[in-house]
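A.B. asks: Sending over entry30.tsv (TSV, C-alpha atoms and all ligand atoms).
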chain	number	residue	atom	x	y	z
A	1	MET	CA	53.09	-1.74	-3.00
A	2	ILE	CA	49.72	-2.29	-1.39
A	3	HIS	CA	47.10	0.21	-0.33
A	4	ILE	CA	47.35	1.26	3.33
A	5	GLU	CA	44.28	2.73	4.92
A	6	PRO	CA	45.46	5.81	6.87
A	7	LYS	CA	44.05	5.30	10.37
A	8	GLU	CA	44.77	7.26	13.52
A	9	PRO	CA	45.58	4.95	16.45
A	10	GLY	CA	44.06	5.14	19.92
A	11	PRO	CA	45.56	6.03	23.34
A	12	GLY	CA	48.71	8.12	23.39
A	13	TRP	CA	48.12	9.42	19.90
A	14	ASP	CA	46.83	12.82	21.05
A	15	ASN	CA	50.16	13.56	22.78
A	16	TRP	CA	52.06	12.81	19.60
A	17	LYS	CA	49.75	14.98	17.51
A	18	LYS	CA	50.03	17.88	19.96
A	19	ASP	CA	53.84	17.68	19.89
A	20	ALA	CA	53.86	17.44	16.08
A	21	HIS	CA	51.46	20.36	15.75
A	22	GLU	CA	53.52	22.63	18.04
A	23	GLU	CA	56.78	21.80	16.27
A	24	THR	CA	55.15	22.36	12.88
A	25	GLN	CA	54.08	25.84	13.99
A	26	LYS	CA	57.69	26.59	15.04
A	27	LEU	CA	58.94	25.50	11.61
A	28	ILE	CA	56.42	27.73	9.87
A	29	ASP	CA	57.37	30.69	12.09
A	30	ASP	CA	61.07	30.12	11.41
A	31	ALA	CA	60.40	29.87	7.67
A	32	ASN	CA	58.41	33.13	7.76
A	33	ASN	CA	61.30	34.82	9.58
A	34	GLY	CA	63.90	33.49	7.13
A	35	LYS	CA	65.59	31.35	9.79
A	36	LYS	CA	67.40	28.08	9.10
A	37	LEU	CA	65.03	25.21	9.82
A	38	LYS	CA	65.93	22.64	12.45
A	39	PHE	CA	64.02	19.37	12.55
A	40	LYS	CA	63.33	17.33	15.68
A	41	ASP	CA	64.11	13.61	15.30
A	42	ARG	CA	62.04	12.65	18.33
A	43	ILE	CA	58.79	13.29	16.47
A	44	TRP	CA	59.61	10.65	13.84
A	45	ARG	CA	61.11	8.29	16.43
A	46	ASN	CA	57.90	8.44	18.46
A	47	LEU	CA	55.80	7.83	15.37
A	48	LYS	CA	57.77	4.80	14.16
A	49	PRO	CA	56.02	2.08	16.27
A	50	PHE	CA	52.68	3.32	14.97
A	51	LEU	CA	53.88	3.20	11.36
A	52	GLU	CA	55.36	-0.28	11.85
A	53	ASN	CA	51.95	-1.47	12.93
A	54	LEU	CA	50.12	0.28	10.11
A	55	PHE	CA	52.50	-0.98	7.41
A	56	HIS	CA	52.76	-4.56	8.82
A	57	LYS	CA	56.49	-3.78	9.37
A	58	LYS	CA	56.92	-3.73	5.57
A	59	CYS	CA	58.47	-1.04	3.41
A	60	ALA	CA	55.76	1.18	1.86
A	61	TYR	CA	57.44	1.00	-1.55
A	62	CYS	CA	59.01	-2.46	-1.96
A	63	GLU	CA	57.07	-4.41	0.74
A	64	GLY	CA	60.30	-5.90	2.11
A	65	ILE	CA	60.59	-6.67	5.83
A	66	TYR	CA	63.93	-5.80	7.38
A	67	GLU	CA	64.01	-7.45	10.81
A	68	GLY	CA	65.12	-5.47	13.83
A	69	GLY	CA	63.87	-2.15	12.50
A	70	ALA	CA	67.38	-0.78	12.03
A	71	TRP	CA	66.92	-0.70	8.29
A	72	MET	CA	63.60	1.05	8.29
A	73	ASP	CA	63.21	4.82	8.04
A	74	VAL	CA	60.31	7.12	8.69
A	75	GLU	CA	60.17	8.45	5.16
A	76	HIS	CA	58.83	11.80	4.01
A	77	PHE	CA	56.66	11.30	0.93
A	78	ARG	CA	57.10	15.00	0.19
A	79	PRO	CA	60.73	15.75	1.18
A	80	LYS	CA	61.04	18.06	4.19
A	81	GLY	CA	64.26	20.04	3.59
A	82	LYS	CA	64.94	20.19	-0.16
A	83	VAL	CA	63.70	18.72	-3.44
A	84	THR	CA	65.94	17.32	-6.15
A	85	VAL	CA	65.19	16.37	-9.74
A	86	ASP	CA	67.28	13.17	-9.61
A	87	HIS	CA	69.64	11.28	-7.28
A	88	ASN	CA	72.26	14.02	-7.44
A	89	PRO	CA	71.84	16.16	-4.27
A	90	GLY	CA	73.11	19.19	-6.21
A	91	ASN	CA	70.35	19.06	-8.83
A	92	THR	CA	67.76	20.92	-6.80
A	93	VAL	CA	64.31	21.90	-7.97
A	94	LYS	CA	64.20	25.66	-8.55
A	95	ILE	CA	61.33	28.03	-7.88
A	96	THR	CA	60.88	31.79	-8.30
A	97	ASN	CA	60.39	33.77	-5.09
A	98	PRO	CA	58.01	36.79	-4.81
A	99	ALA	CA	60.93	39.11	-5.66
A	100	GLY	CA	61.35	37.29	-8.99
A	101	LYS	CA	64.59	35.59	-7.98
A	102	GLU	CA	65.28	31.93	-8.74
A	103	ILE	CA	65.91	29.98	-5.53
A	104	ASP	CA	66.01	26.35	-4.39
A	105	HIS	CA	62.68	24.87	-3.38
A	106	PRO	CA	62.82	24.87	0.46
A	107	GLY	CA	61.27	21.42	0.78
A	108	TYR	CA	57.83	20.69	2.23
A	109	TYR	CA	58.87	21.77	5.74
A	110	TRP	CA	55.27	22.30	6.85
A	111	LEU	CA	54.63	18.57	6.31
A	112	ALA	CA	57.75	17.41	8.19
A	113	TYR	CA	55.62	16.13	11.10
A	114	ASP	CA	52.35	15.52	9.28
A	115	TRP	CA	51.72	11.80	9.76
A	116	ARG	CA	49.86	11.63	6.42
A	117	ASN	CA	53.15	12.56	4.76
A	118	LEU	CA	55.13	9.93	6.68
A	119	LEU	CA	55.63	6.36	5.50
A	120	LEU	CA	57.66	3.39	6.67
A	121	SER	CA	60.40	2.74	4.13
A	122	CYS	CA	63.48	0.53	3.95
A	123	ASN	CA	66.66	2.49	3.51
A	124	LYS	CA	67.33	0.81	0.14
A	125	CYS	CA	64.19	2.45	-1.27
A	126	ASN	CA	64.73	5.66	0.66
A	127	ARG	CA	68.47	6.36	0.57
A	128	GLY	CA	71.48	6.00	-1.75
A	129	ALA	CA	70.23	4.85	-5.15
A	130	GLY	CA	66.67	5.19	-3.84
A	131	LYS	CA	64.29	8.09	-3.45
A	132	MET	CA	66.33	10.49	-1.29
A	133	ASN	CA	64.84	13.98	-1.88
A	134	GLN	CA	63.14	13.32	-5.19
A	135	PHE	CA	59.51	14.25	-5.62
A	136	PRO	CA	58.38	14.65	-9.23
A	137	VAL	CA	55.10	16.37	-9.98
A	138	ALA	CA	53.16	17.06	-13.15
A	139	GLY	CA	52.53	20.79	-13.59
A	140	ILE	CA	52.35	23.19	-10.64
A	141	ARG	CA	54.39	22.60	-7.48
A	142	SER	CA	53.48	23.77	-3.96
A	143	CYS	CA	56.26	25.87	-2.50
A	144	CYS	CA	55.20	27.02	0.97
A	145	HIS	CA	52.68	26.28	3.73
A	146	GLU	CA	50.19	28.69	2.22
A	147	ASP	CA	50.03	26.78	-1.06
A	148	SER	CA	47.38	24.15	-1.53
A	149	LEU	CA	48.56	20.62	-2.12
A	150	GLU	CA	45.50	20.09	-4.28
A	151	VAL	CA	47.22	21.81	-7.20
A	152	GLU	CA	50.02	19.28	-7.22
A	153	GLU	CA	49.87	16.02	-9.09
A	154	PRO	CA	52.63	13.80	-7.65
A	155	LEU	CA	54.26	11.37	-10.05
A	156	LEU	CA	55.00	9.03	-7.17
A	157	LEU	CA	52.67	6.38	-5.82
A	158	ASN	CA	51.45	6.92	-2.28
A	159	PRO	CA	50.09	3.79	-0.52
A	160	TYR	CA	47.70	5.96	1.52
A	161	HIS	CA	46.11	7.43	-1.61
A	162	GLU	CA	46.28	4.63	-4.16
A	163	LYS	CA	43.41	2.21	-3.66
A	164	HIS	CA	44.78	-0.05	-6.39
A	165	PRO	CA	48.56	0.36	-6.84
A	166	GLY	CA	48.38	-2.58	-9.29
A	167	ASP	CA	46.71	-0.22	-11.77
A	168	HIS	CA	50.10	1.49	-12.05
A	169	ILE	CA	52.56	-1.38	-11.67
A	170	LYS	CA	52.72	-4.66	-13.55
A	171	PHE	CA	54.45	-7.71	-12.07
A	172	ALA	CA	56.13	-10.42	-14.15
A	173	LEU	CA	56.66	-13.93	-12.76
A	174	ASN	CA	60.45	-13.51	-12.95
A	175	GLY	CA	60.27	-10.79	-10.27
A	176	VAL	CA	60.69	-7.88	-12.70
A	177	ILE	CA	58.16	-5.05	-12.50
A	178	SER	CA	57.21	-2.39	-15.02
A	179	GLY	CA	55.01	0.69	-15.05
A	180	ARG	CA	51.55	0.68	-16.55
A	181	THR	CA	51.37	4.47	-16.11
A	182	GLU	CA	53.81	7.37	-15.87
A	183	LYS	CA	53.31	7.39	-12.10
A	184	GLY	CA	54.16	3.70	-11.93
A	185	ARG	CA	57.26	4.11	-14.11
A	186	GLU	CA	58.51	7.10	-12.06
A	187	THR	CA	57.96	5.25	-8.77
A	188	ILE	CA	59.93	2.23	-10.00
A	189	LYS	CA	62.77	4.46	-11.21
A	190	ILE	CA	62.90	6.72	-8.15
A	191	CYS	CA	62.75	3.98	-5.51
A	192	ASN	CA	64.91	1.62	-7.59
A	193	LEU	CA	62.24	-1.09	-7.34
A	194	ASN	CA	63.84	-3.32	-9.97
A	195	ARG	CA	67.11	-3.74	-8.09
A	196	GLU	CA	68.48	-7.23	-8.56
A	197	GLU	CA	68.08	-8.36	-4.96
A	198	LEU	CA	64.39	-7.41	-5.04
A	199	GLN	CA	63.79	-9.39	-8.21
A	200	THR	CA	65.42	-12.41	-6.55
A	201	VAL	CA	63.41	-12.24	-3.32
A	202	ARG	CA	60.13	-11.61	-5.14
A	203	GLN	CA	60.74	-14.68	-7.28
A	204	ARG	CA	61.78	-16.72	-4.24
A	205	GLU	CA	58.61	-15.85	-2.33
A	206	TRP	CA	56.49	-16.67	-5.37
A	207	GLU	CA	58.22	-20.06	-5.74
A	208	LYS	CA	57.45	-20.84	-2.08
A	209	VAL	CA	53.78	-20.00	-2.48
A	210	LYS	CA	53.51	-21.79	-5.82
A	211	MET	CA	55.14	-24.94	-4.47
A	212	GLY	CA	52.96	-24.77	-1.36
A	213	LEU	CA	49.87	-24.82	-3.56
A	214	PHE	CA	51.23	-27.64	-5.66
A	215	PHE	CA	52.11	-29.77	-2.62
A	216	LYS	CA	48.68	-29.15	-1.22
A	217	LEU	CA	47.10	-30.36	-4.43
A	218	ILE	CA	49.09	-33.53	-5.00
A	219	GLY	CA	51.10	-34.16	-1.88
A	220	GLU	CA	48.68	-34.43	0.98
A	221	ASP	CA	46.14	-36.86	-0.39
A	222	ASN	CA	46.84	-38.02	-3.87
A	223	ARG	CA	44.11	-40.66	-3.53
A	224	LYS	CA	41.66	-37.91	-4.46
A	225	LEU	CA	43.69	-37.03	-7.52
A	226	VAL	CA	44.49	-40.62	-8.54
A	227	THR	CA	41.52	-42.84	-7.83
A	228	ASP	CA	41.65	-46.63	-7.51
A	229	ASP	CA	39.62	-47.14	-10.66
A	230	MET	CA	42.24	-45.35	-12.76
A	231	GLU	CA	44.40	-47.52	-14.95
A	232	TYR	CA	47.93	-47.99	-13.48
A	233	SER	CA	47.00	-45.96	-10.39
A	234	ALA	CA	49.80	-47.45	-8.24
A	235	TYR	CA	52.43	-46.40	-10.74
A	236	ILE	CA	50.98	-42.88	-11.09
A	237	ARG	CA	50.82	-42.44	-7.30
A	238	GLU	CA	54.45	-43.43	-6.89
A	239	SER	CA	55.47	-41.09	-9.72
A	240	LEU	CA	53.64	-38.21	-8.04
A	241	LYS	CA	55.41	-38.92	-4.75
A	242	SER	CA	58.77	-38.88	-6.53
A	243	LEU	CA	57.87	-35.63	-8.28
A	244	VAL	CA	56.86	-33.96	-4.99
A	245	LYS	CA	60.11	-35.11	-3.36
A	246	LYS	CA	62.19	-33.75	-6.24
A	247	LEU	CA	60.37	-30.40	-6.20
A	248	GLU	CA	60.87	-30.11	-2.44
A	249	GLU	CA	64.61	-30.72	-2.88
A	250	ASP	CA	64.78	-28.16	-5.72
A	251	LEU	CA	62.96	-25.59	-3.59
A	252	GLU	CA	65.26	-26.15	-0.62
A	253	GLU	CA	68.26	-25.60	-2.86
A	254	ARG	CA	66.83	-22.33	-4.20
A	255	ILE	CA	65.88	-21.01	-0.73
A	301	ZN	ZN	61.83	-0.75	0.33
Translate this structure into structure tokens?
Ligand SMILES: [Zn+2]
C.D. replies:
Amino acid sequence: MIHIEPKEPGPGWDNWKKDAHEETQKLIDDANNGKKLKFKDRIWRNLKPFLENLFHKKCAYCEGIYEGGAWMDVEHFRPKGKVTVDHNPGNTVKITNPAGKEIDHPGYYWLAYDWRNLLLSCNKCNRGAGKMNQFPVAGIRSCCHEDSLEVEEPLLLNPYHEKHPGDHIKFALNGVISGRTEKGRETIKICNLNREELQTVRQREWEKVKMGLFFKLIGEDNRKLVTDDMEYSAYIRESLKSLVKKLEEDLEERI
């Protein structure tokens, strides 16, 4: 994860905001009247090109790029329709209503079209063994549009809010990541950020960069590295060339 500066784009944005604002008001009215909430896909569809630009077409959680866009979702940081405690859709977060009755948390419906609650996410981080409707918090949880979000302390990293996500997540050179903080550990668990395929691609990308640096150092102009006044310079130069060739072949095999 990297920090993403939340920025409102230019032309055309006002129309989207107006639409989102009107539909949000309808959701709040329906919630107040006890009606079943219906969400409008078009709002998220219309926001997606903006999010793709803001997130460099990468998943907010794993940073993977899934070409074609088909595998990317507009993800609700705070889930819109229900909240669960784990991957099981039946294990809903319970709250107590004003009448003292225990009910399911309705989800953060009032943030369904709030662009600051919407991230670009691959469906591996977002669906299935990924986040789904999970949203852990420490302490008090907001339950309706009248509640302040300030009271909540999410245990999930948000790229808009975290200036330094690396303070929470530690990367090992073998592609495995671990949490430095509870928030980091929860984010890894919830979004399944240590899935095997991710470890493999992280390692692969690192190998490419590492080899690129190495080739740059010894491959392009080894006369700087091995000078003519060095003893046995011809032999050392040839050995370096052979080493570069072998590393290039190894890298090709791995990629
Ligand atoms: Zn992802």
A.B. asks: Which is closer to Ile140 in chain A than all the others in A:Ile95, A:Ala234, A:Ile169, A:Leu225, using all atoms listed in the file?
C.D. replies: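 Of the candidates, the smallest distance to Ile140 in chain A is held by A:Ile95.
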A.B. asks: Looking at all atoms listed in the file, which of A:Leu173, A:Ala31, A:Ile188, A:Leu119 is the one that sits closest to Gln203 in chain A?
C.D. replies: A:Leu173
A.B. asks: List every residue of chain A that has an atom at most 9 Å from any atom of ligand ZN 301 (chain A), giving for each one its closest atom pair and the distance in Å to one decimal, counting all atoms listed in the file, sorted by chain and then by ascending residue number, as CSV.
C.D. replies:
residue,atom,partner,partner_atom,distance
A:Lys58,CA,A:ZN301,ZN,7.8
A:Cys59,CA,A:ZN301,ZN,4.6
A:Ala60,CA,A:ZN301,ZN,6.6
A:Tyr61,CA,A:ZN301,ZN,5.1
A:Cys62,CA,A:ZN301,ZN,4.0
A:Glu63,CA,A:ZN301,ZN,6.0
A:Gly64,CA,A:ZN301,ZN,5.7
A:Ile65,CA,A:ZN301,ZN,8.2
A:Tyr66,CA,A:ZN301,ZN,8.9
A:Met72,CA,A:ZN301,ZN,8.4
A:Leu120,CA,A:ZN301,ZN,8.6
A:Ser121,CA,A:ZN301,ZN,5.4
A:Cys122,CA,A:ZN301,ZN,4.2
A:Asn123,CA,A:ZN301,ZN,6.6
A:Lys124,CA,A:ZN301,ZN,5.7
A:Cys125,CA,A:ZN301,ZN,4.3
A:Asn126,CA,A:ZN301,ZN,7.0
A:Gly130,CA,A:ZN301,ZN,8.7
A:Cys191,CA,A:ZN301,ZN,7.6
A:Asn192,CA,A:ZN301,ZN,8.8
A:Leu193,CA,A:ZN301,ZN,7.7
A:Leu198,CA,A:ZN301,ZN,8.9
A.B. asks: Tell me which of A:Asp30, A:Glu75, A:Glu52, A:Glu186 sits closest to Leu118 in chain A, counting only C-alpha atoms.
C.D. replies: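 Among the listed residues, A:Glu75 lies closest to Leu118 in chain A.
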A.B. asks: Applying 9 Å and all atoms listed in the file, which residues near Glu153 in chain A remain after dropping the ones on its own chain fewer than 2 positions away? List them as an MDAnalysis selection string.
C.D. replies: chainID A and resid 136:141 149:151 155:156
A.B. asks: Which one is closest to Phe55 in chain A: A:Leu243, A:Ile2, A:Ala112, A:Leu213? Count all atoms listed in the file.
C.D. replies: A:Ile2
A.B. asks: Give me, please, the distance in Å between CA of Tyr109 in chain A and CA of Asn133 in chain A, quoted to one decimal.
C.D. replies: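 Computed distance, CA of Tyr109 in chain A to CA of Asn133 in chain A, equals 12.4 Å.
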A.B. asks: For Val93 in chain A, which residue out of A:Asn46, A:Gln25, A:Asn53, A:Gln134 is the nearest one, using all atoms listed in the file?
C.D. replies: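 Closest to Val93 in chain A, using all atoms listed in the file: A:Gln134.
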A.B. asks: Go through A:Ile190, A:Val209, A:Cys144, A:Leu240 one by one, measure the shortest atom-to-atom distance of each to Asp29 in chain A using all atoms listed in the file, and give the residue with the smallest value.
C.D. replies: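 That would be A:Cys144, the residue with the smallest distance to Asp29 in chain A.
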A.B. asks: Near Lys163 in chain A, within 7 Å and counting only C-alpha atoms, which residues show up once chain neighbours fewer than 2 positions away are dropped, as a PyMOL selection string?
C.D. replies: chain A and resi 3+161+165
A.B. asks: Skip Ala20 in chain A itself and residues of its chain fewer than 4 positions away, then list as a short mmCIF file (atom, residue, chain, number, x, y, z; two decimals) with C-alpha atoms, in the coordinates of the input all residues within 12 Å of it, counting all atoms listed in the file.
C.D. replies:
data_model
loop_
_atom_site.label_atom_id
_atom_site.label_comp_id
_atom_site.auth_asym_id
_atom_site.auth_seq_id
_atom_site.Cartn_x
_atom_site.Cartn_y
_atom_site.Cartn_z
CA TRP A 13 48.12 9.42 19.90
CA ASP A 14 46.83 12.82 21.05
CA ASN A 15 50.16 13.56 22.78
CA TRP A 16 52.06 12.81 19.60
CA THR A 24 55.15 22.36 12.88
CA GLN A 25 54.08 25.84 13.99
CA LYS A 26 57.69 26.59 15.04
CA LEU A 27 58.94 25.50 11.61
CA PHE A 39 64.02 19.37 12.55
CA LYS A 40 63.33 17.33 15.68
CA ASP A 41 64.11 13.61 15.30
CA ARG A 42 62.04 12.65 18.33
CA ILE A 43 58.79 13.29 16.47
CA TRP A 44 59.61 10.65 13.84
CA ARG A 45 61.11 8.29 16.43
CA ASN A 46 57.90 8.44 18.46
CA LEU A 47 55.80 7.83 15.37
CA TRP A 110 55.27 22.30 6.85
CA LEU A 111 54.63 18.57 6.31
CA ALA A 112 57.75 17.41 8.19
CA TYR A 113 55.62 16.13 11.10
CA ASP A 114 52.35 15.52 9.28
CA TRP A 115 51.72 11.80 9.76
CA ARG A 116 49.86 11.63 6.42
#
A.B. asks: CA of Leu217 in chain A and CA of Ser242 in chain A, how far apart in Å?
C.D. replies: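 Atom-to-atom, CA of Ser242 in chain A and CA of Leu217 in chain A are spaced 14.6 Å apart.
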